[in-house]
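Enquirer: Got a file for you: structure.txt, compact mmCIF, C-alpha atoms.
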# COMPACT_ATOMS: atom_id res chain seq x y z
CA MET A 12 92.94 70.95 -125.22
CA LYS A 13 90.38 69.45 -127.49
CA PRO A 14 87.14 68.22 -125.93
CA GLY A 15 86.79 64.47 -125.81
CA ILE A 16 83.77 62.93 -127.47
CA ALA A 17 82.48 59.37 -127.61
CA GLY A 18 79.20 57.75 -128.52
CA THR A 19 76.39 58.07 -131.03
CA LEU A 20 72.80 59.26 -131.16
CA GLU A 21 71.49 55.75 -131.77
CA SER A 22 68.82 54.47 -129.48
CA ASN A 23 70.31 52.81 -126.38
CA ASP A 24 73.55 54.78 -126.71
CA ALA A 25 74.82 58.08 -125.36
CA ILE A 26 77.22 60.82 -126.47
CA PHE A 27 79.61 62.22 -123.92
CA THR A 28 81.41 65.50 -124.53
CA VAL A 29 84.01 66.27 -121.89
CA ARG A 30 86.14 69.33 -121.38
CA PRO A 31 88.75 70.15 -118.75
CA ALA A 32 87.45 72.14 -115.80
CA SER A 33 88.39 73.05 -112.27
CA THR A 34 85.32 71.40 -110.75
CA ARG A 35 82.87 68.74 -111.77
CA HIS A 36 80.02 70.10 -113.84
CA VAL A 37 77.63 67.56 -115.28
CA VAL A 38 74.76 68.29 -117.65
CA ILE A 39 72.47 65.46 -118.69
CA HIS A 40 69.98 65.49 -121.55
CA SER A 41 68.20 62.16 -121.62
CA VAL A 42 65.19 60.78 -123.46
CA VAL A 43 64.29 59.00 -120.22
CA ASP A 44 65.13 61.92 -117.99
CA ALA A 45 62.05 61.73 -115.82
CA PHE A 46 62.80 58.13 -114.87
CA TYR A 47 66.54 57.86 -114.86
CA HIS A 48 68.16 61.26 -114.48
CA ASP A 49 69.48 60.52 -110.99
CA GLN A 50 70.69 57.07 -111.91
CA ILE A 51 72.60 58.41 -114.91
CA ALA A 52 74.12 61.12 -112.72
CA GLN A 53 75.13 58.46 -110.21
CA VAL A 54 76.88 56.34 -112.83
CA ILE A 55 78.81 59.39 -114.01
CA GLU A 56 79.82 60.44 -110.49
CA THR A 57 80.92 56.92 -109.58
CA THR A 58 82.99 56.60 -112.74
CA LEU A 59 84.68 59.96 -112.11
CA ASP A 60 85.38 58.87 -108.51
CA GLU A 61 87.01 55.69 -109.74
CA LEU A 62 89.20 57.69 -112.11
CA ALA A 63 89.98 60.15 -109.30
CA ILE A 64 88.83 63.08 -111.46
CA THR A 65 88.01 66.14 -109.41
CA GLY A 66 87.38 68.58 -112.22
CA LEU A 67 85.59 67.95 -115.51
CA ASP A 68 82.87 69.52 -117.60
CA VAL A 69 80.60 66.70 -118.76
CA LEU A 70 77.79 66.87 -121.25
CA CYS A 71 75.78 63.68 -121.60
CA GLU A 72 73.28 63.28 -124.42
CA ASP A 73 71.55 60.05 -123.58
CA LYS A 74 69.25 58.03 -125.78
CA GLY A 75 68.42 55.35 -123.22
CA ALA A 76 71.84 53.84 -122.62
CA LEU A 77 72.30 51.23 -119.90
CA ASP A 78 74.83 51.80 -117.12
CA TYR A 79 77.69 49.90 -118.73
CA THR A 80 77.26 51.86 -121.94
CA LEU A 81 77.33 55.16 -120.07
CA ARG A 82 80.50 54.08 -118.29
CA ALA A 83 82.21 52.94 -121.47
CA ARG A 84 81.36 56.08 -123.43
CA LEU A 85 82.38 58.37 -120.59
CA ILE A 86 85.73 56.64 -120.16
CA ALA A 87 86.37 56.71 -123.91
CA ALA A 88 85.57 60.41 -124.07
CA ILE A 89 87.93 61.15 -121.19
CA GLN A 90 90.73 59.17 -122.81
CA ARG A 91 90.24 61.00 -126.09
CA MET A 92 90.41 64.31 -124.30
CA GLU A 93 93.76 63.56 -122.74
CA ALA A 94 95.24 62.20 -125.93
CA MET B 49 72.05 52.50 -147.94
CA GLU B 50 75.31 54.41 -147.82
CA ILE B 51 76.43 57.73 -146.43
CA LYS B 52 78.78 59.53 -148.78
CA GLN B 53 80.64 62.80 -148.83
CA ALA B 54 79.76 65.11 -151.68
CA LEU B 55 83.20 66.08 -152.93
CA LEU B 56 83.10 65.97 -156.71
CA PRO B 57 81.36 68.74 -158.67
CA VAL B 58 79.01 66.17 -160.16
CA GLU B 59 78.01 65.10 -156.66
CA ILE B 60 77.38 68.70 -155.60
CA GLU B 61 75.19 69.14 -158.67
CA ARG B 62 73.15 66.13 -157.64
CA VAL B 63 72.76 67.60 -154.16
CA LYS B 64 71.61 70.92 -155.60
CA ALA B 65 69.06 69.19 -157.78
CA PHE B 66 67.82 67.13 -154.84
CA LEU B 67 67.42 70.24 -152.69
CA ALA B 68 65.70 72.16 -155.47
CA ALA B 69 63.18 69.37 -155.82
CA VAL B 70 62.13 69.86 -152.20
CA GLY B 71 62.17 73.64 -152.37
CA LEU B 72 65.53 74.36 -150.82
CA GLY B 73 68.64 76.03 -152.12
CA PHE B 74 72.25 74.96 -151.66
CA ASP B 75 74.67 77.15 -149.73
CA ASP B 76 77.78 77.59 -151.86
CA ARG B 77 79.69 78.49 -148.74
CA ALA B 78 79.00 75.06 -147.20
CA GLU B 79 82.20 73.46 -145.95
CA GLU B 80 81.02 69.90 -146.02
CA THR B 81 78.10 68.02 -147.51
CA LEU B 82 76.98 64.48 -146.89
CA TYR B 83 74.32 62.51 -148.69
CA LEU B 84 72.49 59.22 -148.32
CA GLU B 85 72.33 56.93 -151.31
CA GLU B 86 70.17 53.89 -151.84
CA ASP B 87 70.22 51.94 -155.09
CA GLU B 88 72.23 54.77 -156.60
CA LYS B 89 69.49 57.24 -155.81
CA MET B 90 70.00 60.20 -153.49
CA ILE B 91 67.49 60.04 -150.66
CA GLY B 92 68.84 62.60 -148.22
CA THR B 93 71.47 65.26 -147.70
CA VAL B 94 72.90 67.62 -145.11
CA SER B 95 75.59 70.31 -145.19
CA ARG B 96 77.42 72.41 -142.70
CA ALA B 97 79.16 75.76 -142.62
CA GLY B 98 81.29 75.98 -139.52
CA SER B 99 79.10 74.78 -136.69
CA LEU B 100 75.89 75.58 -138.50
CA LEU B 101 73.95 72.66 -139.94
CA GLU B 102 72.06 73.48 -143.07
CA CYS B 103 70.45 72.13 -146.20
CA LEU B 104 69.01 69.14 -144.41
CA ALA B 105 66.52 67.32 -146.61
CA VAL B 106 65.09 63.83 -146.89
CA ASP B 107 63.25 62.37 -149.88
CA PRO B 108 59.52 62.61 -149.09
CA ALA B 109 59.18 58.96 -150.07
CA HIS B 110 61.57 58.02 -147.28
CA GLN B 111 60.26 60.17 -144.50
CA GLY B 112 59.42 58.52 -141.22
CA GLU B 113 62.50 56.31 -141.40
CA ASN B 114 64.53 58.50 -139.05
CA LEU B 115 66.91 59.37 -141.89
CA ALA B 116 67.17 62.97 -140.73
CA ALA B 117 68.65 61.74 -137.46
CA VAL B 118 71.07 59.51 -139.37
CA LEU B 119 72.25 62.47 -141.43
CA VAL B 120 72.49 64.78 -138.43
CA GLN B 121 74.40 62.17 -136.46
CA ALA B 122 76.81 61.57 -139.32
CA MET B 123 77.44 65.28 -139.75
CA ARG B 124 77.93 65.76 -136.02
CA GLU B 125 80.53 63.01 -136.06
CA ARG B 126 82.35 64.83 -138.89
CA MET B 127 82.16 67.99 -136.81
CA PHE B 128 83.53 66.20 -133.76
CA ALA B 129 86.45 65.02 -135.85
CA ALA B 130 87.08 68.65 -136.75
CA GLY B 131 86.92 69.62 -133.07
CA ILE B 132 83.53 71.28 -133.32
CA THR B 133 81.36 70.24 -130.40
CA HIS B 134 78.67 72.86 -130.66
CA THR B 135 76.04 72.64 -133.36
CA LEU B 136 73.51 75.20 -134.49
CA VAL B 137 70.74 74.62 -136.97
CA PHE B 138 68.62 77.08 -138.85
CA THR B 139 65.50 75.42 -140.15
CA LYS B 140 61.85 75.77 -141.07
CA ALA B 141 59.82 76.16 -137.89
CA VAL B 142 57.76 73.05 -138.70
CA TYR B 143 60.86 70.91 -138.20
CA SER B 144 61.56 72.19 -134.67
CA PRO B 145 59.94 69.15 -133.00
CA GLN B 146 62.10 66.75 -135.05
CA PHE B 147 65.20 68.57 -133.95
CA ALA B 148 64.01 68.64 -130.36
CA GLU B 149 63.84 64.85 -130.61
CA MET B 150 67.52 64.92 -131.50
CA ASN B 151 68.31 66.92 -128.36
CA PHE B 152 68.33 70.34 -129.98
CA ARG B 153 67.25 73.28 -127.84
CA LEU B 154 65.19 76.07 -129.34
CA LEU B 155 66.89 79.46 -129.24
CA ALA B 156 64.36 81.58 -131.10
CA SER B 157 61.69 81.19 -133.72
CA THR B 158 59.30 83.12 -135.87
CA ASP B 159 56.28 81.39 -137.38
CA LYS B 160 58.36 80.36 -140.39
CA VAL B 161 61.91 79.66 -139.19
CA ALA B 162 63.68 78.53 -136.06
CA LEU B 163 67.22 78.48 -134.70
CA LEU B 164 68.20 75.55 -132.50
CA GLU B 165 71.39 74.37 -130.85
CA THR B 166 72.90 71.26 -129.33
CA GLY B 167 76.15 69.93 -127.97
CA ALA B 168 78.65 71.57 -125.70
CA GLY B 169 78.12 75.25 -125.06
CA SER B 170 74.90 77.15 -124.97
CA ILE B 171 73.62 80.65 -125.36
CA GLU B 172 73.51 80.95 -121.60
CA GLU B 173 77.20 80.18 -121.41
CA ALA B 174 77.98 82.61 -124.20
CA LEU B 175 76.08 85.43 -122.53
CA ALA B 176 77.73 84.64 -119.21
CA GLY B 177 81.08 84.85 -120.98
CA LEU B 178 80.20 88.25 -122.43
CA LYS B 179 79.07 89.49 -119.03
CA LYS B 180 82.37 88.41 -117.56
CA ARG B 181 84.26 90.37 -120.17
CA ILE B 182 82.12 93.41 -119.57
CA GLN B 183 82.55 93.17 -115.82
CA GLY B 184 86.26 92.73 -116.34
CA LYS B 185 86.36 96.27 -117.65
CA TRP B 186 83.51 97.72 -115.62
CA PRO B 187 82.86 95.74 -112.43
CA GLY B 188 79.34 95.64 -111.07
CA ILE B 189 75.82 95.23 -112.35
CA LEU B 190 75.27 96.02 -116.00
CA PRO B 191 73.33 99.24 -116.55
CA PRO B 192 70.21 99.10 -118.77
CA ASP B 193 71.00 101.94 -121.13
CA SER B 194 73.96 100.77 -123.18
CA GLY B 195 74.22 100.95 -126.94
CA ALA B 196 75.29 98.16 -129.28
CA ILE B 197 76.61 97.78 -132.80
CA VAL B 198 77.24 94.54 -134.66
CA VAL B 199 80.01 94.82 -137.22
CA ASN B 200 81.99 92.64 -139.53
CA CYS B 201 84.63 95.32 -140.27
CA ASN B 202 86.54 93.64 -143.01
CA PRO B 203 88.62 95.81 -142.28
CA ILE B 204 87.41 98.66 -140.08
CA THR B 205 87.22 101.94 -141.98
CA LEU B 206 86.69 105.59 -141.07
CA GLY B 207 83.07 104.95 -141.99
CA HIS B 208 82.74 102.29 -139.31
CA LEU B 209 84.55 104.47 -136.81
CA GLY B 210 82.16 107.32 -137.54
CA LEU B 211 79.23 105.05 -136.80
CA ILE B 212 80.87 103.87 -133.57
CA GLU B 213 81.69 107.40 -132.44
CA TYR B 214 78.14 108.53 -133.19
CA ALA B 215 76.66 105.75 -131.07
CA ALA B 216 79.28 106.06 -128.31
CA ALA B 217 78.37 109.71 -127.84
CA ARG B 218 74.79 108.78 -127.10
CA HIS B 219 75.22 106.17 -124.40
CA PRO B 220 77.19 105.79 -121.18
CA ARG B 221 78.54 102.56 -122.71
CA LEU B 222 78.77 101.12 -126.18
CA TYR B 223 79.32 97.43 -126.91
CA VAL B 224 80.81 96.76 -130.32
CA PHE B 225 80.27 93.14 -131.37
CA VAL B 226 82.65 91.84 -134.04
CA VAL B 227 81.21 88.94 -136.01
CA GLU B 228 83.16 85.79 -135.26
CA GLU B 229 82.31 83.88 -138.42
CA ASN B 230 85.44 83.53 -140.54
CA ARG B 231 83.95 84.09 -143.95
CA SER B 232 85.84 87.23 -144.74
CA LEU B 233 89.17 88.16 -146.26
CA PHE B 234 90.44 89.31 -142.88
CA THR B 235 90.28 86.72 -140.11
CA PHE B 236 88.20 87.26 -137.01
CA GLU B 237 91.36 87.84 -134.94
CA GLU B 238 92.56 90.50 -137.37
CA ARG B 239 89.19 92.22 -137.64
CA PHE B 240 88.79 92.21 -133.87
CA SER B 241 92.29 93.57 -133.27
CA LEU B 242 91.82 96.35 -135.79
CA VAL B 243 88.53 97.39 -134.21
CA TYR B 244 90.17 97.27 -130.79
CA LEU B 245 92.98 99.52 -131.98
CA ALA B 246 90.63 101.91 -133.72
CA THR B 247 88.43 102.40 -130.67
CA GLY B 248 91.24 102.58 -128.14
CA ALA B 249 90.72 106.27 -127.53
CA LEU B 250 87.01 105.85 -126.82
CA GLU B 251 86.80 105.20 -123.09
CA ASN B 252 83.19 104.03 -123.06
CA VAL B 253 83.52 101.51 -125.88
CA LEU B 254 84.11 97.80 -125.31
CA VAL B 255 84.84 95.48 -128.23
CA LEU B 256 83.37 92.01 -127.83
CA PRO B 257 83.24 88.83 -129.90
CA SER B 258 79.82 88.35 -131.42
CA THR B 259 79.38 84.74 -130.19
CA PRO B 260 77.66 82.37 -132.63
CA TYR B 261 74.32 83.72 -131.52
CA ILE B 262 74.30 87.06 -133.23
CA VAL B 263 72.79 85.96 -136.47
CA SER B 264 73.91 88.69 -138.79
CA GLN B 265 74.04 89.03 -142.57
CA VAL B 266 77.43 87.37 -142.56
CA THR B 267 76.24 84.17 -140.94
CA PHE B 268 73.02 84.09 -142.90
CA PRO B 269 72.64 80.78 -144.67
CA GLY B 270 70.49 82.20 -147.42
CA TYR B 271 69.38 78.93 -148.73
CA PHE B 272 66.07 77.67 -147.75
CA LEU B 273 63.39 80.18 -148.45
CA LYS B 274 62.99 80.59 -152.13
CA SER B 275 62.34 84.21 -152.82
CA MET B 276 64.64 87.02 -151.85
CA ASP B 277 61.92 88.65 -149.84
CA GLU B 278 60.89 85.68 -147.78
CA LYS B 279 64.51 84.89 -147.06
CA GLU B 280 65.46 88.29 -145.73
CA GLU B 281 62.21 88.73 -143.91
CA GLU B 282 62.42 85.59 -141.84
CA HIS B 283 66.13 85.69 -141.23
CA ALA B 284 66.14 89.28 -140.11
CA LYS B 285 63.12 88.69 -137.88
CA LEU B 286 64.92 85.81 -136.20
CA ASP B 287 68.03 87.93 -135.74
CA ALA B 288 65.88 90.59 -134.13
CA VAL B 289 64.00 88.15 -131.90
CA LEU B 290 67.18 86.51 -130.65
CA PHE B 291 69.02 89.77 -130.15
CA LYS B 292 66.10 91.35 -128.36
CA ASN B 293 65.12 88.47 -126.11
CA ARG B 294 68.58 87.45 -125.08
CA PHE B 295 71.22 90.04 -125.72
CA MET B 296 69.30 93.21 -125.05
CA SER B 297 67.74 92.06 -121.82
CA GLU B 298 70.77 90.19 -120.42
CA LEU B 299 73.33 92.82 -121.27
CA GLY B 300 71.28 95.95 -120.68
CA ILE B 301 71.30 97.10 -124.28
CA ALA B 302 68.76 99.81 -124.97
CA LYS B 303 69.57 100.49 -128.61
CA ARG B 304 71.21 98.81 -131.59
CA TYR B 305 72.79 100.91 -134.32
CA LEU B 306 73.04 99.96 -137.98
CA GLY B 307 74.74 101.72 -140.84
CA THR B 308 72.85 102.33 -144.06
CA GLU B 309 73.49 99.86 -146.85
CA THR B 310 73.44 100.11 -150.60
CA GLU B 311 73.00 96.47 -151.62
CA ALA B 312 69.28 95.80 -151.95
CA PHE B 313 69.41 92.70 -149.83
CA MET B 314 71.14 94.48 -146.96
CA VAL B 315 68.79 97.45 -147.17
CA ARG B 316 65.84 95.11 -146.85
CA TYR B 317 67.57 93.41 -143.94
CA ASN B 318 67.95 96.70 -142.11
CA ASP B 319 64.33 97.61 -142.79
CA ILE B 320 63.06 94.41 -141.31
CA LEU B 321 65.27 94.67 -138.29
CA GLN B 322 63.91 98.14 -137.74
CA LYS B 323 60.34 96.98 -138.12
CA ALA B 324 60.86 94.16 -135.66
CA LEU B 325 62.82 96.13 -133.08
CA GLY B 326 61.06 99.45 -133.51
CA GLU B 327 62.57 102.32 -131.64
CA THR B 328 65.34 100.21 -130.23
CA VAL B 329 67.09 100.30 -133.59
CA GLU B 330 68.58 103.35 -135.20
CA ILE B 331 69.93 103.39 -138.73
CA ILE B 332 72.64 105.93 -139.35
CA PRO B 333 73.83 107.13 -142.74
CA ARG B 334 77.27 105.89 -143.69
CA PHE B 335 80.00 108.43 -143.37
CA THR B 336 81.58 109.78 -146.49
CA GLN B 337 84.99 111.10 -147.40
CA ASP B 338 84.95 113.72 -150.15
CA GLY B 339 81.43 112.72 -151.04
CA THR B 340 82.09 109.01 -151.57
CA ARG B 341 80.90 106.43 -149.10
CA ILE B 342 83.77 104.78 -147.34
CA SER B 343 83.36 101.06 -147.51
CA ALA B 344 85.47 98.12 -146.49
CA SER B 345 85.17 96.60 -149.95
CA VAL B 346 86.81 99.68 -151.43
CA VAL B 347 89.65 99.40 -148.93
CA ARG B 348 90.09 95.71 -149.72
CA GLY B 349 90.13 96.43 -153.41
CA LEU B 350 92.79 99.10 -153.03
CA LEU B 351 94.97 96.88 -150.86
CA LEU B 352 94.75 94.05 -153.34
CA GLU B 353 95.70 96.40 -156.16
CA GLY B 354 98.75 97.42 -154.18
CA ARG B 355 97.44 100.98 -153.72
CA THR B 356 98.26 100.90 -150.02
CA GLU B 357 98.49 104.67 -149.47
CA ALA B 358 95.01 105.19 -150.85
CA ALA B 359 93.65 102.32 -148.77
CA LEU B 360 95.22 103.60 -145.54
CA SER B 361 93.71 107.03 -146.03
CA LEU B 362 90.28 105.48 -145.56
CA VAL B 363 90.99 103.73 -142.28
CA PRO B 364 91.48 104.96 -138.70
CA PRO B 365 95.07 106.12 -138.09
CA ALA B 366 95.52 103.73 -135.17
CA THR B 367 95.02 100.76 -137.49
CA ARG B 368 97.28 101.81 -140.35
CA ALA B 369 100.45 100.08 -139.20
CA MET B 370 98.76 96.73 -138.67
CA LEU B 371 96.69 97.02 -141.80
CA SER B 372 99.63 97.70 -144.08
CA GLN B 373 101.36 94.63 -142.64
CA ILE B 374 98.38 92.42 -143.36
CA GLY B 375 97.91 94.13 -146.71
CA LYS B 376 101.20 92.70 -147.91
CA VAL B 377 99.94 89.13 -147.70
CA LEU B 378 96.31 89.66 -148.62
CA HIS B 379 96.47 88.51 -152.21
CA GLU B 380 97.70 85.11 -151.01
CA ARG B 381 94.31 84.53 -149.43
CA LEU B 382 92.31 84.91 -152.59
CA PRO B 383 90.95 81.69 -154.05
CA ARG B 384 93.01 80.69 -157.03
Show the structure stored in the file as structure tokens.
Expert:
Amino acid sequence: MKPGIAGTLESNDAIFTVRPASTRHVVIHSVVDAFYHDQIAQVIETTLDELAITGLDVLCEDKGALDYTLRARLIAAIQRMEA
Amino acid sequence: MEIKQALLPVEIERVKAFLAAVGLGFDDRAEETLYLEEDEKMIGTVSRAGSLLECLAVDPAHQGENLAAVLVQAMRERMFAAGITHTLVFTKAVYSPQFAEMNFRLLASTDKVALLETGAGSIEEALAGLKKRIQGKWPGILPPDSGAIVVNCNPITLGHLGLIEYAAARHPRLYVFVVEENRSLFTFEERFSLVYLATGALENVLVLPSTPYIVSQVTFPGYFLKSMDEKEEEHAKLDAVLFKNRFMSELGIAKRYLGTETEAFMVRYNDILQKALGETVEIIPRFTQDGTRISASVVRGLLLEGRTEAALSLVPPATRAMLSQIGKVLHERLPR
């Protein structure tokens, strides 16, 4: 299965790379890590809960994206992975 | 400003000229090249070979406009489309901070060059994967006195086998890393399988994929340091640093073996590796058959000429069946 990718490296955006996995494994690289690491992690967890995903390898390269952007990019990446 | 793909020969020539003007060389093995154009003038370019980004350059007059990030982003998107989610970059050490800004992690550096990575996958994952393979064969903690050889084996010959047997006799375990880069006549899968077959009888030998992190001559993007000497020097030093700091310590490798080379560039490469790694490197003379050095290029040549018998006499018996099969279709792979 190909990894799913969505997003860009533009400021205020994020790139999500997702791969199938047996458990949830989330890695976040953010330009605002010190301030928002936990919040970004929370948005990802909540989105995965909503989609009832129990296992996924998630790489998030964040350039200061707001919550709705993170959600949108993550969902798009997941959809591309399944397709 | 537009981003364009350099597809036509005339475009590639423009890229070469642009790179030359900033002191870089073009890698003819690059799979894809993009460039930025403004008012019909080239102001930036980037290429890639597999998952390795290279030949990144921005017109000095346009520096500070974040164009490097634009180029890197565009190339990463092309890579994503090709299913490549891991990106490595080999660059002048002074550019490390710029790449760090783009989320690249430093793997190793000398004072002149640096190797960085980004995206899915990391050296830690790769090493963990290798450990798993090793423990699959030999459960338990990895001992600290194993030997290692890095080979391309295109295809494996009696010469290679001699080198492997020599090293295997001197260590409780020998790890044979087959370079994963597919820049050779034989694919990685074929080269790996042939090595696996050839070493089957050697109980203490384990054949492993090289991972993208063994920066050997094959993966060397010999483009950005002008003189032959500088190029080899820095690249080999980086190879040594990375191998020593990560592979040797994590996998318990006490010594790396190299075969002697004849091509000047490769000889220099070996020398530098030896200087950087000291006693932890041993260079062994290539094995000969009837006085002539056995080399993979000779075997390839014979196979392509249809002289299969002669070719097979230079390779390990265990690989002859598979090799003669592949030999039948080899000429189809040559560029026309």
Enquirer: As an exercise, work out the distance from atom CA of Leu163 of chain B to atom CA of Leu286 of chain B in Å and give it to one decimal place.
Expert: 7.8 Å
Enquirer: Mind checking which residues fall within 9 Å of Pro31 of chain A, counting all atoms listed in the file, ignoring those fewer than 6 positions away in the same chain, and posting them as a PyMOL selection string?
Expert: chain A and resi 12-14+66-69+92
Enquirer: Rounded to one decimal, what separation in Å do you get between atom CA of Ala358 of chain B and atom CA of Ser372 of chain B?
Expert: 11.1 Å
Enquirer: Using atom CA of Ala369 of chain B and atom CA of Ser343 of chain B as the two end points, give the distance in Å to one decimal.
Expert: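 Atom-to-atom, atom CA of Ala369 of chain B to atom CA of Ser343 of chain B, that is 19.0 Å.
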Enquirer: Find, counting all atoms listed in the file, the residue in A:Ser33, A:Val54, A:Val38, A:Ile64 that gets nearest to Arg84 of chain A.
Expert: A:Val54
Enquirer: Do you have, as JSON lines, the list of residues of chain B lying at most 10 Å from chain A, each with its nearest atom pair and that distance in Å to one decimal, counting all atoms listed in the file and ordered by chain then number?
Expert:
{"residue": "B:Ala117", "atom": "CA", "partner": "A:Leu20", "partner_atom": "CA", "distance": 7.9}
{"residue": "B:Val118", "atom": "CA", "partner": "A:Leu20", "partner_atom": "CA", "distance": 8.4}
{"residue": "B:Val120", "atom": "CA", "partner": "A:Leu20", "partner_atom": "CA", "distance": 9.1}
{"residue": "B:Gln121", "atom": "CA", "partner": "A:Leu20", "partner_atom": "CA", "distance": 6.3}
{"residue": "B:Ala122", "atom": "CA", "partner": "A:Thr19", "partner_atom": "CA", "distance": 9.0}
{"residue": "B:Arg124", "atom": "CA", "partner": "A:Thr19", "partner_atom": "CA", "distance": 9.3}
{"residue": "B:Glu125", "atom": "CA", "partner": "A:Thr19", "partner_atom": "CA", "distance": 8.2}
{"residue": "B:Phe128", "atom": "CA", "partner": "A:Ile16", "partner_atom": "CA", "distance": 7.1}
{"residue": "B:Ala129", "atom": "CA", "partner": "A:Ile16", "partner_atom": "CA", "distance": 9.0}
{"residue": "B:Ala130", "atom": "CA", "partner": "A:Lys13", "partner_atom": "CA", "distance": 9.9}
{"residue": "B:Gly131", "atom": "CA", "partner": "A:Lys13", "partner_atom": "CA", "distance": 6.6}
{"residue": "B:Ile132", "atom": "CA", "partner": "A:Pro14", "partner_atom": "CA", "distance": 8.8}
{"residue": "B:Thr133", "atom": "CA", "partner": "A:Thr28", "partner_atom": "CA", "distance": 7.5}
{"residue": "B:His134", "atom": "CA", "partner": "A:Thr28", "partner_atom": "CA", "distance": 10.0}
{"residue": "B:Glu149", "atom": "CA", "partner": "A:Val42", "partner_atom": "CA", "distance": 8.3}
{"residue": "B:Met150", "atom": "CA", "partner": "A:Leu20", "partner_atom": "CA", "distance": 7.7}
{"residue": "B:Asn151", "atom": "CA", "partner": "A:His40", "partner_atom": "CA", "distance": 7.2}
{"residue": "B:Phe152", "atom": "CA", "partner": "A:His40", "partner_atom": "CA", "distance": 9.9}
{"residue": "B:Thr166", "atom": "CA", "partner": "A:Glu72", "partner_atom": "CA", "distance": 9.4}
{"residue": "B:Gly167", "atom": "CA", "partner": "A:Leu70", "partner_atom": "CA", "distance": 7.6}
{"residue": "B:Ala168", "atom": "CA", "partner": "A:Leu70", "partner_atom": "CA", "distance": 6.5}
{"residue": "B:Gly169", "atom": "CA", "partner": "A:Leu70", "partner_atom": "CA", "distance": 9.2}
Enquirer: Write out as an mmCIF file with C-alpha atoms, keeping the file's coordinate frame the residues lying within 7 Å of Ala105 of chain B, counting only C-alpha atoms and excluding same-chain residues fewer than 5 positions away.
Expert:
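File written: result13.cif
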data_model
loop_
_atom_site.group_PDB
_atom_site.id
_atom_site.type_symbol
_atom_site.label_atom_id
_atom_site.label_comp_id
_atom_site.auth_asym_id
_atom_site.auth_seq_id
_atom_site.Cartn_x
_atom_site.Cartn_y
_atom_site.Cartn_z
ATOM 1 C CA LEU B 67 67.420 70.240 -152.690
ATOM 2 C CA GLY B 92 68.840 62.600 -148.220
ATOM 3 C CA THR B 93 71.470 65.260 -147.700
ATOM 4 C CA VAL B 94 72.900 67.620 -145.110
#
Enquirer: I'd like to know which of B:Leu164, B:Ala174, B:Ala65, B:Leu382 is closest to Ser232 of chain B, using only C-alpha atoms.
Expert: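 Between B:Leu164, B:Ala174, B:Ala65, B:Leu382, the residue approaching Ser232 of chain B most closely is B:Leu382.
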Enquirer: Go through B:Gly177, B:Gly71, B:Pro220, B:Gly307 one by one, measure the shortest atom-to-atom distance of each to Pro108 of chain B using all atoms listed in the file, and give the residue with the smallest value.
Expert: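 Answer, going by the shortest atom-to-atom distance: B:Gly71.
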Enquirer: Choose the residue, out of A:Ala32, A:Ala76, A:Ile89, A:Leu62, that has the smallest atom-to-atom separation from Asp44 of chain A; count only C-alpha atoms.
Expert: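 Under the stated criterion, the closest residue is A:Ala76.
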Enquirer: Ranking B:Leu371, B:Leu250, B:Leu360, B:Val243 by minimum distance to Ala217 of chain B and counting only C-alpha atoms, which one comes first?
Expert: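 Closest residue, counting only C-alpha atoms: B:Leu250.
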Enquirer: For Lys140 of chain B, please output as a VMD selection string all residues within 10 Å (counting only C-alpha atoms; exclusion window: fewer than 4 positions along the same chain).
Expert: chain B and resid 144 157 to 163 272 to 273 282
Enquirer: With N, CA and C atoms as the atom set, please write segment 356-364 of chain B from the structure just given, as a PDB file, in the first residue's frame.
Expert:
ATOM      1  N   THR B 356      28.604 -17.136 -22.393  1.00  0.00           N
ATOM      2  CA  THR B 356      28.086 -17.529 -21.080  1.00  0.00           C
ATOM      3  C   THR B 356      29.006 -18.457 -20.317  1.00  0.00           C
ATOM      4  N   GLU B 357      29.531 -19.474 -20.983  1.00  0.00           N
ATOM      5  CA  GLU B 357      30.422 -20.450 -20.310  1.00  0.00           C
ATOM      6  C   GLU B 357      31.568 -19.727 -19.620  1.00  0.00           C
ATOM      7  N   ALA B 358      32.214 -18.847 -20.385  1.00  0.00           N
ATOM      8  CA  ALA B 358      33.355 -18.112 -19.830  1.00  0.00           C
ATOM      9  C   ALA B 358      32.927 -17.272 -18.640  1.00  0.00           C
ATOM     10  N   ALA B 359      31.761 -16.627 -18.759  1.00  0.00           N
ATOM     11  CA  ALA B 359      31.268 -15.789 -17.665  1.00  0.00           C
ATOM     12  C   ALA B 359      31.014 -16.635 -16.418  1.00  0.00           C
ATOM     13  N   LEU B 360      30.348 -17.774 -16.602  1.00  0.00           N
ATOM     14  CA  LEU B 360      29.994 -18.613 -15.450  1.00  0.00           C
ATOM     15  C   LEU B 360      31.219 -19.166 -14.733  1.00  0.00           C
ATOM     16  N   SER B 361      32.316 -19.311 -15.454  1.00  0.00           N
ATOM     17  CA  SER B 361      33.510 -19.854 -14.806  1.00  0.00           C
ATOM     18  C   SER B 361      34.098 -18.878 -13.798  1.00  0.00           C
ATOM     19  N   LEU B 362      33.661 -17.622 -13.853  1.00  0.00           N
ATOM     20  CA  LEU B 362      34.203 -16.618 -12.942  1.00  0.00           C
ATOM     21  C   LEU B 362      33.302 -16.341 -11.743  1.00  0.00           C
ATOM     22  N   VAL B 363      32.173 -17.050 -11.682  1.00  0.00           N
ATOM     23  CA  VAL B 363      31.245 -16.779 -10.578  1.00  0.00           C
ATOM     24  C   VAL B 363      31.067 -18.012  -9.701  1.00  0.00           C
ATOM     25  N   PRO B 364      30.610 -17.815  -8.460  1.00  0.00           N
ATOM     26  CA  PRO B 364      30.417 -18.946  -7.548  1.00  0.00           C
ATOM     27  C   PRO B 364      29.454 -19.964  -8.152  1.00  0.00           C
TER      28      PRO B 364
END
